[in-house]
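Participant: Just passing along the structure, written as structure tokens.
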Amino acid sequence: LTVIDEYGTDALRFTLATGTTPGQDLNLSLEKIESSRNLVNKVWNAAKFVLLCLEKLEEDEGGYTRSNARVKNAADVAALPFAERWIIAELAQLVEDVDRAHERHDIGEAGRSVYNFFWGQFADWYLEIAKTRLYSDNKEEAKQCMDVLMHVFVSCLQLIHPYMPFVTEEIWQALAKGEGSIMTSEWPEVFGKDKEVCESFSVFQDAVRSVRNIRAEQQVPVNKKISALFMIESESIKSQVLSEEKALQFLCKIEELKIVEKGEAKALNSEEHIESVVNDGFCVYIPLAGLVDAEQEISRLQRQATKIEKDLTTLESRLSSPSFVEKAPKKVVDETKEKRDDLAQQLSMVKGRLLKVS
């Protein structure tokens with residue numbers, strides 16, 4: 001009861017159902033319950049976003065009526081944008097995996113599959129991409145996106161309902177508007193599987209991660225927009241990536257995206273661009289010019305180098321003392337050496353970065 005008061009019934013149920021495999025005892029962990037509570041919050045926040053966008057579309061001129069045709073008819077699904085086809089294909093795979101797990105009476109695996117999909121695919125990727133459609137002035141695009149968004153979100157609610165009955169029922173009543181209880185709703189069907197689309201979209205995701213990694217490594221301010229050059233040899237991948245150019249710019253904070261040919265990419269000055277290989281035949285190039293404020297970055301790196309050098313001198317002094325090496329426990333000596341090596345590596349990286357920026 002104390003756990004329920006602090007974390008909620010749904011979080012406890014989900015943890016108990018998914019925290020073990022058949023035949024094993026469960027050591028109840030508050031960290032796992034907290035993680036489950038975070039999922040409940042994620043579902044709730046996603047519902048607020050969906051309801052807000054839904055109300056806005058319904059209030060717009062012409063209104064909005066949900067259509068299942070776009071997500072139930074093969075020809076209509078094939079005509080959907082790249083990201084919509086991907087999330088429908090991923091949902092189809094999820095439903096198949098959950099059904100298979102239920103047939104084996106492996107409710108833990110079924111719940112974990114829903115968790116991974118909702119957090120890793122739906123919330124982290126599709127919801128973010130959907131914002132570029134729902135916040136645009138193109139109402140038809142927004143309505144099309146809402147059809148897919150509602151289909152996937154409602155399916156997720158149905159799949160996760162056995163584990164989190166209270167929050168899913170509450171959200172269902174707000175979304176379904178008189179269609180009864182989620183308990184009596186029709187279970188999602190496997191429809192729209194497309195392995196090729198899933199593989200292609202993973203390349204799009206890798207491209208986004210490449211740009212984000214460069215931003216993180218170069219410590220580019222979060223809201224600062226950058227330029228990027230893509231070299232994509234595959235015409236099909238190029239077409240699909242460019243079809244989501246608006247989403248790409250939104251996810252990576254890119255203000256100018258340019259596609260270059262292989263010959264142009266080879267001619268780029270390596271000292272003026274950061275290169276990241278997405279896969280064989282796909283490279284990302286980020287111009288260094290204007291990426292960061294040079295003076296501020298040099299000052300920051302110099303302060304960082306001074307601090308590392310001071311810490312490194314302290315460790316080297318300790319390790320050069322015979323009394324420390326001979327009398328201290330071997331574990332302590334080894335840990336000190338490891339810290340020294342890590343600091344030396346950090347110092348080398350900082351100095352290398354200083355040379356590039358200077």
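Identifiers in this document derive from the order of the structure tokens: chains are assigned A, B, ..., residues are numbered from 1 separately in each chain, and ligands are numbered from 1 in order of occurrence.
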For stretch 95-101 of chain A, please output as a list in words all residues within 7 Å (counting only C-alpha atoms; exclusion window: fewer than 4 positions along the same chain).

Facilitator: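 Listed by chain and then number, they are Leu91, His105, Asp106, Ile107, Glu109, Ala110, Ser113, Pro188, Glu189 and Val190 of chain A.
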
Participant: Just the selected residues (N, CA, C and O atoms), exported as a PDB file, in the first residue's frame, please.

Facilitator:
```
ATOM      1  N   LEU A  91       4.404  -0.985 -35.521  1.00  0.00           N
ATOM      2  CA  LEU A  91       3.263  -1.392 -34.694  1.00  0.00           C
ATOM      3  C   LEU A  91       2.808  -2.803 -35.064  1.00  0.00           C
ATOM      4  O   LEU A  91       2.499  -3.609 -34.175  1.00  0.00           O
ATOM      5  N   HIS A 105       2.201 -17.629 -22.956  1.00  0.00           N
ATOM      6  CA  HIS A 105       1.893 -17.196 -21.579  1.00  0.00           C
ATOM      7  C   HIS A 105       3.064 -16.441 -20.953  1.00  0.00           C
ATOM      8  O   HIS A 105       3.246 -16.464 -19.740  1.00  0.00           O
ATOM      9  N   ASP A 106       3.817 -15.759 -21.797  1.00  0.00           N
ATOM     10  CA  ASP A 106       4.952 -14.968 -21.321  1.00  0.00           C
ATOM     11  C   ASP A 106       4.512 -13.502 -21.254  1.00  0.00           C
ATOM     12  O   ASP A 106       4.841 -12.678 -22.112  1.00  0.00           O
ATOM     13  N   ILE A 107       3.757 -13.187 -20.200  1.00  0.00           N
ATOM     14  CA  ILE A 107       3.204 -11.832 -20.098  1.00  0.00           C
ATOM     15  C   ILE A 107       4.303 -10.797 -19.829  1.00  0.00           C
ATOM     16  O   ILE A 107       4.154  -9.622 -20.182  1.00  0.00           O
ATOM     17  N   GLU A 109       7.392 -10.735 -21.166  1.00  0.00           N
ATOM     18  CA  GLU A 109       8.000 -10.379 -22.448  1.00  0.00           C
ATOM     19  C   GLU A 109       7.055  -9.507 -23.270  1.00  0.00           C
ATOM     20  O   GLU A 109       7.482  -8.551 -23.929  1.00  0.00           O
ATOM     21  N   ALA A 110       5.762  -9.814 -23.212  1.00  0.00           N
ATOM     22  CA  ALA A 110       4.777  -9.006 -23.946  1.00  0.00           C
ATOM     23  C   ALA A 110       4.790  -7.559 -23.434  1.00  0.00           C
ATOM     24  O   ALA A 110       4.805  -6.609 -24.213  1.00  0.00           O
ATOM     25  N   SER A 113       7.926  -5.672 -24.452  1.00  0.00           N
ATOM     26  CA  SER A 113       7.892  -5.299 -25.876  1.00  0.00           C
ATOM     27  C   SER A 113       7.112  -4.003 -26.076  1.00  0.00           C
ATOM     28  O   SER A 113       7.530  -3.120 -26.828  1.00  0.00           O
ATOM     29  N   PRO A 188      -5.903  -5.047 -31.239  1.00  0.00           N
ATOM     30  CA  PRO A 188      -5.233  -4.641 -32.489  1.00  0.00           C
ATOM     31  C   PRO A 188      -4.871  -5.835 -33.371  1.00  0.00           C
ATOM     32  O   PRO A 188      -4.547  -6.917 -32.877  1.00  0.00           O
ATOM     33  N   GLU A 189      -4.928  -5.598 -34.690  1.00  0.00           N
ATOM     34  CA  GLU A 189      -4.583  -6.632 -35.666  1.00  0.00           C
ATOM     35  C   GLU A 189      -3.194  -6.367 -36.248  1.00  0.00           C
ATOM     36  O   GLU A 189      -2.717  -5.233 -36.249  1.00  0.00           O
ATOM     37  N   VAL A 190      -2.586  -7.431 -36.749  1.00  0.00           N
ATOM     38  CA  VAL A 190      -1.296  -7.294 -37.441  1.00  0.00           C
ATOM     39  C   VAL A 190      -1.586  -6.829 -38.859  1.00  0.00           C
ATOM     40  O   VAL A 190      -2.124  -7.573 -39.681  1.00  0.00           O
TER      41      VAL A 190
END
```

Participant: Enumerate as a short mmCIF file (atom, residue, chain, number, x, y, z; two decimals) with all heavy atoms, in the first residue's frame all residues of stretch 211-311 of chain A assigned to alpha helix (DSSP H) by DSSP on the backbone, naming them with the chain letters and numbers the document uses.

Facilitator:
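Heads up, here's the output in part.cif:
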```
data_model
loop_
_atom_site.label_atom_id
_atom_site.label_comp_id
_atom_site.auth_asym_id
_atom_site.auth_seq_id
_atom_site.Cartn_x
_atom_site.Cartn_y
_atom_site.Cartn_z
N VAL A 211 24.23 13.40 -36.51
CA VAL A 211 24.24 14.86 -36.35
C VAL A 211 24.17 15.23 -34.87
O VAL A 211 24.89 16.12 -34.39
CB VAL A 211 23.07 15.51 -37.12
CG1 VAL A 211 23.05 17.02 -36.89
CG2 VAL A 211 23.17 15.21 -38.60
N ARG A 212 23.31 14.54 -34.13
CA ARG A 212 23.18 14.83 -32.69
C ARG A 212 24.48 14.54 -31.94
O ARG A 212 24.86 15.28 -31.03
CB ARG A 212 22.03 14.01 -32.10
CG ARG A 212 20.65 14.53 -32.48
CD ARG A 212 19.57 13.61 -31.94
NE ARG A 212 18.25 14.21 -32.07
CZ ARG A 212 17.12 13.57 -31.74
NH1 ARG A 212 17.17 12.32 -31.27
NH2 ARG A 212 15.96 14.17 -31.86
N ASN A 213 25.16 13.48 -32.33
CA ASN A 213 26.44 13.14 -31.68
C ASN A 213 27.48 14.23 -31.93
O ASN A 213 28.25 14.60 -31.04
CB ASN A 213 26.96 11.79 -32.18
CG ASN A 213 26.15 10.62 -31.63
OD1 ASN A 213 25.46 10.77 -30.63
ND2 ASN A 213 26.25 9.48 -32.27
N ILE A 214 27.52 14.73 -33.17
CA ILE A 214 28.46 15.80 -33.50
C ILE A 214 28.14 17.04 -32.68
O ILE A 214 29.03 17.69 -32.12
CB ILE A 214 28.43 16.12 -35.01
CG1 ILE A 214 29.01 14.95 -35.81
CG2 ILE A 214 29.21 17.41 -35.32
CD1 ILE A 214 28.88 15.09 -37.31
N ARG A 215 26.87 17.36 -32.58
CA ARG A 215 26.46 18.52 -31.78
C ARG A 215 26.90 18.36 -30.33
O ARG A 215 27.40 19.30 -29.71
CB ARG A 215 24.93 18.71 -31.83
CG ARG A 215 24.37 19.12 -33.19
CD ARG A 215 22.87 19.33 -33.09
NE ARG A 215 22.56 20.43 -32.19
CZ ARG A 215 22.22 21.65 -32.56
NH1 ARG A 215 22.12 21.92 -33.86
NH2 ARG A 215 21.97 22.58 -31.69
N ALA A 216 26.72 17.15 -29.80
CA ALA A 216 27.09 16.89 -28.40
C ALA A 216 28.60 16.96 -28.21
O ALA A 216 29.10 17.55 -27.24
CB ALA A 216 26.56 15.53 -27.96
N GLU A 217 29.34 16.33 -29.13
CA GLU A 217 30.81 16.33 -29.03
C GLU A 217 31.39 17.73 -29.13
O GLU A 217 32.36 18.07 -28.45
CB GLU A 217 31.40 15.43 -30.12
CG GLU A 217 31.15 13.94 -29.90
CD GLU A 217 31.45 13.12 -31.14
OE1 GLU A 217 31.91 13.71 -32.14
OE2 GLU A 217 31.22 11.89 -31.12
N GLU A 235 19.90 6.11 -54.31
CA GLU A 235 18.84 7.03 -54.73
C GLU A 235 17.55 6.81 -53.92
O GLU A 235 16.84 7.76 -53.61
CB GLU A 235 18.54 6.85 -56.22
CG GLU A 235 19.63 7.38 -57.14
CD GLU A 235 19.89 8.87 -56.97
OE1 GLU A 235 18.91 9.61 -56.70
OE2 GLU A 235 21.06 9.30 -57.06
N SER A 236 17.26 5.55 -53.60
CA SER A 236 16.04 5.26 -52.83
C SER A 236 16.15 5.82 -51.41
O SER A 236 15.20 6.43 -50.90
CB SER A 236 15.78 3.75 -52.78
OG SER A 236 16.84 3.07 -52.14
N ILE A 237 17.31 5.62 -50.77
CA ILE A 237 17.52 6.17 -49.43
C ILE A 237 17.50 7.69 -49.46
O ILE A 237 16.90 8.35 -48.60
CB ILE A 237 18.86 5.68 -48.83
CG1 ILE A 237 18.83 4.16 -48.59
CG2 ILE A 237 19.17 6.41 -47.53
CD1 ILE A 237 17.85 3.71 -47.54
N LYS A 238 18.14 8.26 -50.49
CA LYS A 238 18.16 9.73 -50.63
C LYS A 238 16.74 10.27 -50.74
O LYS A 238 16.38 11.26 -50.10
CB LYS A 238 18.96 10.12 -51.87
CG LYS A 238 19.12 11.64 -52.05
CD LYS A 238 19.72 11.99 -53.39
CE LYS A 238 21.13 11.45 -53.55
NZ LYS A 238 21.75 11.88 -54.84
N SER A 239 15.92 9.61 -51.55
CA SER A 239 14.54 10.05 -51.74
C SER A 239 13.75 9.99 -50.44
O SER A 239 13.00 10.91 -50.11
CB SER A 239 13.87 9.18 -52.81
OG SER A 239 12.50 9.48 -52.91
N GLN A 240 13.94 8.89 -49.70
CA GLN A 240 13.19 8.72 -48.46
C GLN A 240 13.65 9.72 -47.39
O GLN A 240 12.83 10.30 -46.67
CB GLN A 240 13.35 7.28 -47.96
CG GLN A 240 12.58 6.28 -48.81
CD GLN A 240 12.93 4.84 -48.49
OE1 GLN A 240 14.07 4.53 -48.14
NE2 GLN A 240 11.97 3.94 -48.61
N VAL A 241 14.95 9.92 -47.28
CA VAL A 241 15.47 10.87 -46.29
C VAL A 241 15.00 12.28 -46.60
O VAL A 241 14.55 13.01 -45.71
CB VAL A 241 17.02 10.81 -46.24
CG1 VAL A 241 17.58 11.98 -45.43
CG2 VAL A 241 17.49 9.49 -45.64
N LEU A 242 15.07 12.66 -47.87
CA LEU A 242 14.66 14.00 -48.26
C LEU A 242 13.15 14.20 -48.12
O LEU A 242 12.69 15.34 -47.95
CB LEU A 242 15.09 14.29 -49.69
CG LEU A 242 16.59 14.52 -49.89
CD1 LEU A 242 16.91 14.80 -51.35
CD2 LEU A 242 17.09 15.67 -49.02
N SER A 243 12.38 13.11 -48.19
CA SER A 243 10.94 13.24 -47.99
C SER A 243 10.62 13.65 -46.57
O SER A 243 9.52 14.16 -46.28
CB SER A 243 10.24 11.91 -48.32
OG SER A 243 10.50 10.94 -47.33
N GLU A 245 12.66 15.82 -44.89
CA GLU A 245 13.62 16.90 -44.65
C GLU A 245 13.17 17.83 -43.52
O GLU A 245 13.96 18.25 -42.68
CB GLU A 245 13.82 17.71 -45.93
CG GLU A 245 14.87 18.81 -45.79
CD GLU A 245 15.16 19.51 -47.10
OE1 GLU A 245 14.66 19.07 -48.15
OE2 GLU A 245 15.90 20.51 -47.08
N LYS A 246 11.87 18.14 -43.49
CA LYS A 246 11.36 19.02 -42.44
C LYS A 246 11.55 18.39 -41.06
O LYS A 246 11.96 19.06 -40.10
CB LYS A 246 9.87 19.31 -42.67
CG LYS A 246 9.31 20.40 -41.77
CD LYS A 246 7.80 20.48 -41.84
CE LYS A 246 7.30 20.84 -43.21
NZ LYS A 246 5.82 21.03 -43.23
N ALA A 247 11.28 17.09 -40.96
CA ALA A 247 11.47 16.38 -39.68
C ALA A 247 12.94 16.32 -39.31
O ALA A 247 13.31 16.48 -38.14
CB ALA A 247 10.89 14.96 -39.79
N LEU A 248 13.78 16.10 -40.31
CA LEU A 248 15.22 16.02 -40.09
C LEU A 248 15.75 17.35 -39.54
O LEU A 248 16.54 17.38 -38.59
CB LEU A 248 15.91 15.68 -41.41
CG LEU A 248 17.39 15.28 -41.36
CD1 LEU A 248 17.57 13.98 -40.62
CD2 LEU A 248 17.93 15.15 -42.78
N GLN A 249 15.30 18.44 -40.13
CA GLN A 249 15.73 19.76 -39.68
C GLN A 249 15.24 20.03 -38.26
O GLN A 249 15.94 20.64 -37.45
CB GLN A 249 15.21 20.83 -40.64
CG GLN A 249 15.89 20.78 -42.00
CD GLN A 249 15.32 21.79 -42.98
OE1 GLN A 249 14.12 21.99 -43.03
NE2 GLN A 249 16.19 22.42 -43.75
N PHE A 250 14.04 19.56 -37.95
CA PHE A 250 13.48 19.77 -36.61
C PHE A 250 14.21 18.94 -35.57
O PHE A 250 14.56 19.44 -34.50
CB PHE A 250 11.98 19.39 -36.63
CG PHE A 250 11.32 19.45 -35.28
CD1 PHE A 250 11.04 20.66 -34.69
CD2 PHE A 250 11.00 18.28 -34.61
CE1 PHE A 250 10.42 20.71 -33.44
CE2 PHE A 250 10.39 18.31 -33.36
CZ PHE A 250 10.09 19.53 -32.77
N LEU A 251 14.47 17.68 -35.88
CA LEU A 251 15.11 16.77 -34.92
C LEU A 251 16.57 17.12 -34.67
O LEU A 251 17.09 16.87 -33.58
CB LEU A 251 15.01 15.32 -35.43
CG LEU A 251 13.61 14.72 -35.50
CD1 LEU A 251 13.64 13.40 -36.25
CD2 LEU A 251 13.04 14.52 -34.11
N CYS A 252 17.25 17.66 -35.69
CA CYS A 252 18.69 17.94 -35.58
C CYS A 252 19.01 19.42 -35.44
O CYS A 252 20.18 19.78 -35.36
CB CYS A 252 19.42 17.39 -36.80
SG CYS A 252 19.26 15.63 -37.03
N LYS A 262 29.26 12.37 -54.40
CA LYS A 262 30.45 11.73 -53.83
C LYS A 262 31.72 12.52 -54.15
O LYS A 262 32.59 12.70 -53.28
CB LYS A 262 30.57 10.30 -54.36
CG LYS A 262 31.62 9.46 -53.65
CD LYS A 262 31.55 8.01 -54.11
CE LYS A 262 32.56 7.15 -53.35
NZ LYS A 262 32.49 5.73 -53.77
N GLY A 263 31.83 13.01 -55.38
CA GLY A 263 33.00 13.78 -55.77
C GLY A 263 33.12 15.07 -54.99
O GLY A 263 34.22 15.46 -54.56
N GLU A 264 31.99 15.74 -54.77
CA GLU A 264 31.99 16.97 -53.98
C GLU A 264 32.39 16.70 -52.54
O GLU A 264 33.12 17.49 -51.92
CB GLU A 264 30.61 17.62 -54.01
CG GLU A 264 30.15 18.13 -55.36
CD GLU A 264 28.75 18.68 -55.29
OE1 GLU A 264 27.80 17.90 -55.49
OE2 GLU A 264 28.61 19.89 -55.03
N ALA A 265 31.92 15.58 -52.01
CA ALA A 265 32.22 15.22 -50.62
C ALA A 265 33.72 14.99 -50.44
O ALA A 265 34.32 15.41 -49.44
CB ALA A 265 31.44 13.98 -50.21
N LYS A 266 34.34 14.32 -51.41
CA LYS A 266 35.78 14.06 -51.33
C LYS A 266 36.60 15.35 -51.38
O LYS A 266 37.70 15.42 -50.82
CB LYS A 266 36.22 13.12 -52.46
CG LYS A 266 35.79 11.68 -52.29
CD LYS A 266 36.32 10.81 -53.42
CE LYS A 266 35.95 9.34 -53.21
NZ LYS A 266 36.46 8.48 -54.32
N ALA A 294 34.15 30.87 -31.21
CA ALA A 294 35.55 30.46 -31.09
C ALA A 294 36.20 30.97 -29.80
O ALA A 294 36.87 30.21 -29.09
CB ALA A 294 36.34 30.95 -32.30
N GLU A 295 36.00 32.23 -29.48
CA GLU A 295 36.64 32.80 -28.29
C GLU A 295 36.14 32.13 -27.02
O GLU A 295 36.93 31.79 -26.12
CB GLU A 295 36.39 34.31 -28.24
CG GLU A 295 37.15 35.09 -29.31
CD GLU A 295 36.98 36.59 -29.16
OE1 GLU A 295 36.35 37.01 -28.15
OE2 GLU A 295 37.47 37.33 -30.02
N GLN A 296 34.83 31.95 -26.93
CA GLN A 296 34.26 31.30 -25.74
C GLN A 296 34.72 29.85 -25.63
O GLN A 296 35.02 29.36 -24.54
CB GLN A 296 32.73 31.36 -25.80
CG GLN A 296 32.15 32.74 -25.58
CD GLN A 296 30.64 32.72 -25.54
OE1 GLN A 296 30.01 31.65 -25.56
NE2 GLN A 296 30.03 33.90 -25.50
N GLU A 297 34.78 29.17 -26.77
CA GLU A 297 35.18 27.77 -26.76
C GLU A 297 36.65 27.63 -26.37
O GLU A 297 37.02 26.74 -25.60
CB GLU A 297 34.94 27.15 -28.14
CG GLU A 297 35.27 25.67 -28.26
CD GLU A 297 34.36 24.78 -27.43
OE1 GLU A 297 33.46 25.29 -26.74
OE2 GLU A 297 34.57 23.56 -27.45
N ILE A 298 37.52 28.51 -26.89
CA ILE A 298 38.95 28.47 -26.53
C ILE A 298 39.11 28.72 -25.04
O ILE A 298 39.88 28.02 -24.36
CB ILE A 298 39.74 29.51 -27.35
CG1 ILE A 298 39.83 29.06 -28.82
CG2 ILE A 298 41.15 29.70 -26.78
CD1 ILE A 298 40.40 30.11 -29.75
N SER A 299 38.40 29.69 -24.51
CA SER A 299 38.48 30.00 -23.08
C SER A 299 38.03 28.81 -22.24
O SER A 299 38.67 28.46 -21.24
CB SER A 299 37.61 31.22 -22.77
OG SER A 299 37.61 31.49 -21.39
N ARG A 300 36.93 28.18 -22.65
CA ARG A 300 36.41 27.02 -21.90
C ARG A 300 37.40 25.86 -21.93
O ARG A 300 37.66 25.22 -20.92
CB ARG A 300 35.07 26.59 -22.51
CG ARG A 300 34.38 25.47 -21.74
CD ARG A 300 33.18 24.93 -22.50
NE ARG A 300 33.59 24.22 -23.70
CZ ARG A 300 34.02 22.96 -23.70
NH1 ARG A 300 34.13 22.28 -22.57
NH2 ARG A 300 34.35 22.38 -24.83
N LEU A 301 37.95 25.59 -23.12
CA LEU A 301 38.90 24.48 -23.26
C LEU A 301 40.18 24.73 -22.48
O LEU A 301 40.76 23.81 -21.90
CB LEU A 301 39.21 24.26 -24.74
CG LEU A 301 38.07 23.69 -25.60
CD1 LEU A 301 38.42 23.75 -27.07
CD2 LEU A 301 37.77 22.25 -25.19
N GLN A 302 40.63 25.97 -22.44
CA GLN A 302 41.84 26.30 -21.68
C GLN A 302 41.61 26.08 -20.18
O GLN A 302 42.49 25.55 -19.49
CB GLN A 302 42.26 27.74 -21.96
CG GLN A 302 42.88 27.94 -23.33
CD GLN A 302 43.16 29.39 -23.64
OE1 GLN A 302 42.58 30.30 -23.04
NE2 GLN A 302 44.06 29.64 -24.60
N ARG A 303 40.45 26.47 -19.69
CA ARG A 303 40.13 26.24 -18.28
C ARG A 303 40.05 24.75 -17.99
O ARG A 303 40.54 24.28 -16.95
CB ARG A 303 38.79 26.91 -17.92
CG ARG A 303 38.83 28.43 -17.92
CD ARG A 303 37.61 29.00 -17.19
NE ARG A 303 36.37 28.54 -17.77
CZ ARG A 303 35.73 29.14 -18.76
NH1 ARG A 303 36.26 30.23 -19.32
NH2 ARG A 303 34.59 28.67 -19.21
N GLN A 304 39.43 24.01 -18.92
CA GLN A 304 39.31 22.56 -18.74
C GLN A 304 40.68 21.90 -18.75
O GLN A 304 40.95 21.02 -17.92
CB GLN A 304 38.43 21.98 -19.86
CG GLN A 304 38.08 20.52 -19.66
CD GLN A 304 37.15 20.00 -20.75
OE1 GLN A 304 36.72 20.74 -21.63
NE2 GLN A 304 36.84 18.72 -20.71
N ALA A 305 41.56 22.33 -19.66
CA ALA A 305 42.92 21.76 -19.74
C ALA A 305 43.71 22.05 -18.48
O ALA A 305 44.43 21.18 -17.96
CB ALA A 305 43.64 22.32 -20.96
N THR A 306 43.58 23.26 -17.94
CA THR A 306 44.30 23.64 -16.71
C THR A 306 43.88 22.75 -15.54
O THR A 306 44.71 22.29 -14.76
CB THR A 306 44.02 25.12 -16.37
OG1 THR A 306 44.47 25.93 -17.45
CG2 THR A 306 44.75 25.53 -15.10
N LYS A 307 42.57 22.53 -15.43
CA LYS A 307 42.06 21.68 -14.34
C LYS A 307 42.54 20.25 -14.48
O LYS A 307 42.98 19.61 -13.50
CB LYS A 307 40.53 21.72 -14.33
CG LYS A 307 39.92 20.93 -13.17
CD LYS A 307 38.42 20.96 -13.22
CE LYS A 307 37.82 20.23 -12.02
NZ LYS A 307 38.26 18.83 -11.90
N ILE A 308 42.49 19.72 -15.71
CA ILE A 308 42.94 18.33 -15.93
C ILE A 308 44.43 18.21 -15.63
O ILE A 308 44.87 17.23 -15.00
CB ILE A 308 42.63 17.90 -17.38
CG1 ILE A 308 41.13 17.84 -17.61
CG2 ILE A 308 43.26 16.53 -17.67
CD1 ILE A 308 40.72 17.55 -19.05
N GLU A 309 45.22 19.17 -16.07
CA GLU A 309 46.67 19.14 -15.82
C GLU A 309 46.97 19.15 -14.32
O GLU A 309 47.88 18.46 -13.84
CB GLU A 309 47.34 20.33 -16.50
CG GLU A 309 47.46 20.16 -18.02
CD GLU A 309 47.96 21.42 -18.70
OE1 GLU A 309 47.92 22.50 -18.06
OE2 GLU A 309 48.36 21.34 -19.88
N LYS A 310 46.20 19.95 -13.57
CA LYS A 310 46.39 20.01 -12.12
C LYS A 310 46.08 18.66 -11.48
O LYS A 310 46.85 18.16 -10.64
CB LYS A 310 45.49 21.10 -11.54
CG LYS A 310 45.65 21.30 -10.04
CD LYS A 310 44.72 22.41 -9.55
CE LYS A 310 44.84 22.57 -8.03
NZ LYS A 310 43.92 23.62 -7.53
N ASP A 311 44.94 18.07 -11.87
CA ASP A 311 44.57 16.76 -11.32
C ASP A 311 45.57 15.68 -11.73
O ASP A 311 45.90 14.79 -10.94
CB ASP A 311 43.17 16.37 -11.80
CG ASP A 311 42.10 17.29 -11.23
OD1 ASP A 311 42.38 17.97 -10.23
OD2 ASP A 311 40.99 17.34 -11.82
#
```

Participant: Using only C-alpha atoms for the distances, tell me which of A:Ile286, A:Gly62, A:Gly111, A:Trp44 is nearest to A:Gly19.

Facilitator: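 Closest residue, counting only C-alpha atoms: A:Gly111.
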
Participant: Pick from A:Asn68, A:Ala174, A:Val167, A:Val154: nearest to A:Glu55, with only C-alpha atoms counted?

Facilitator: A:Ala174

Participant: Tell me, which residues of stretch 114-304 of chain A carry DSSP strand (DSSP E), written as a list in words?

Facilitator: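 Answer for stretch 114-304 of chain A restricted to strand (DSSP E) is Ile226, Ser227, Ala228, Leu229, Phe230, Met231, Ile232, Ile254, Glu255, Glu256, Leu257, Lys258, Ile259, His273, Ile274, Glu275, Ser276, Val277, Val278, Asn279, Phe282, Cys283, Val284, Tyr285, Ile286 and Pro287 of chain A.
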
Participant: Which residue out of A:Gly192, A:Glu6, A:Glu84, A:Leu57 has the minimum interatomic distance to A:Ala142 when only C-alpha atoms are used?

Facilitator: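 Going through A:Gly192, A:Glu6, A:Glu84, A:Leu57 one by one, the smallest distance to A:Ala142 is for A:Leu57.
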
Participant: Find the residues near A:Cys198: any atom within 8 Å, counting only C-alpha atoms, skip ones fewer than 5 places away on the same chain, and give them as a PyMOL selection string.

Facilitator: chain A and resi 86+89-90

Participant: With a distance cut-off of 12 Å and only C-alpha atoms, select the neighbouring residues of A:Glu186, excluding the residue or stretch itself and same-chain residues fewer than 2 positions from it, and output the selection as a count of residues only.

Facilitator: 13
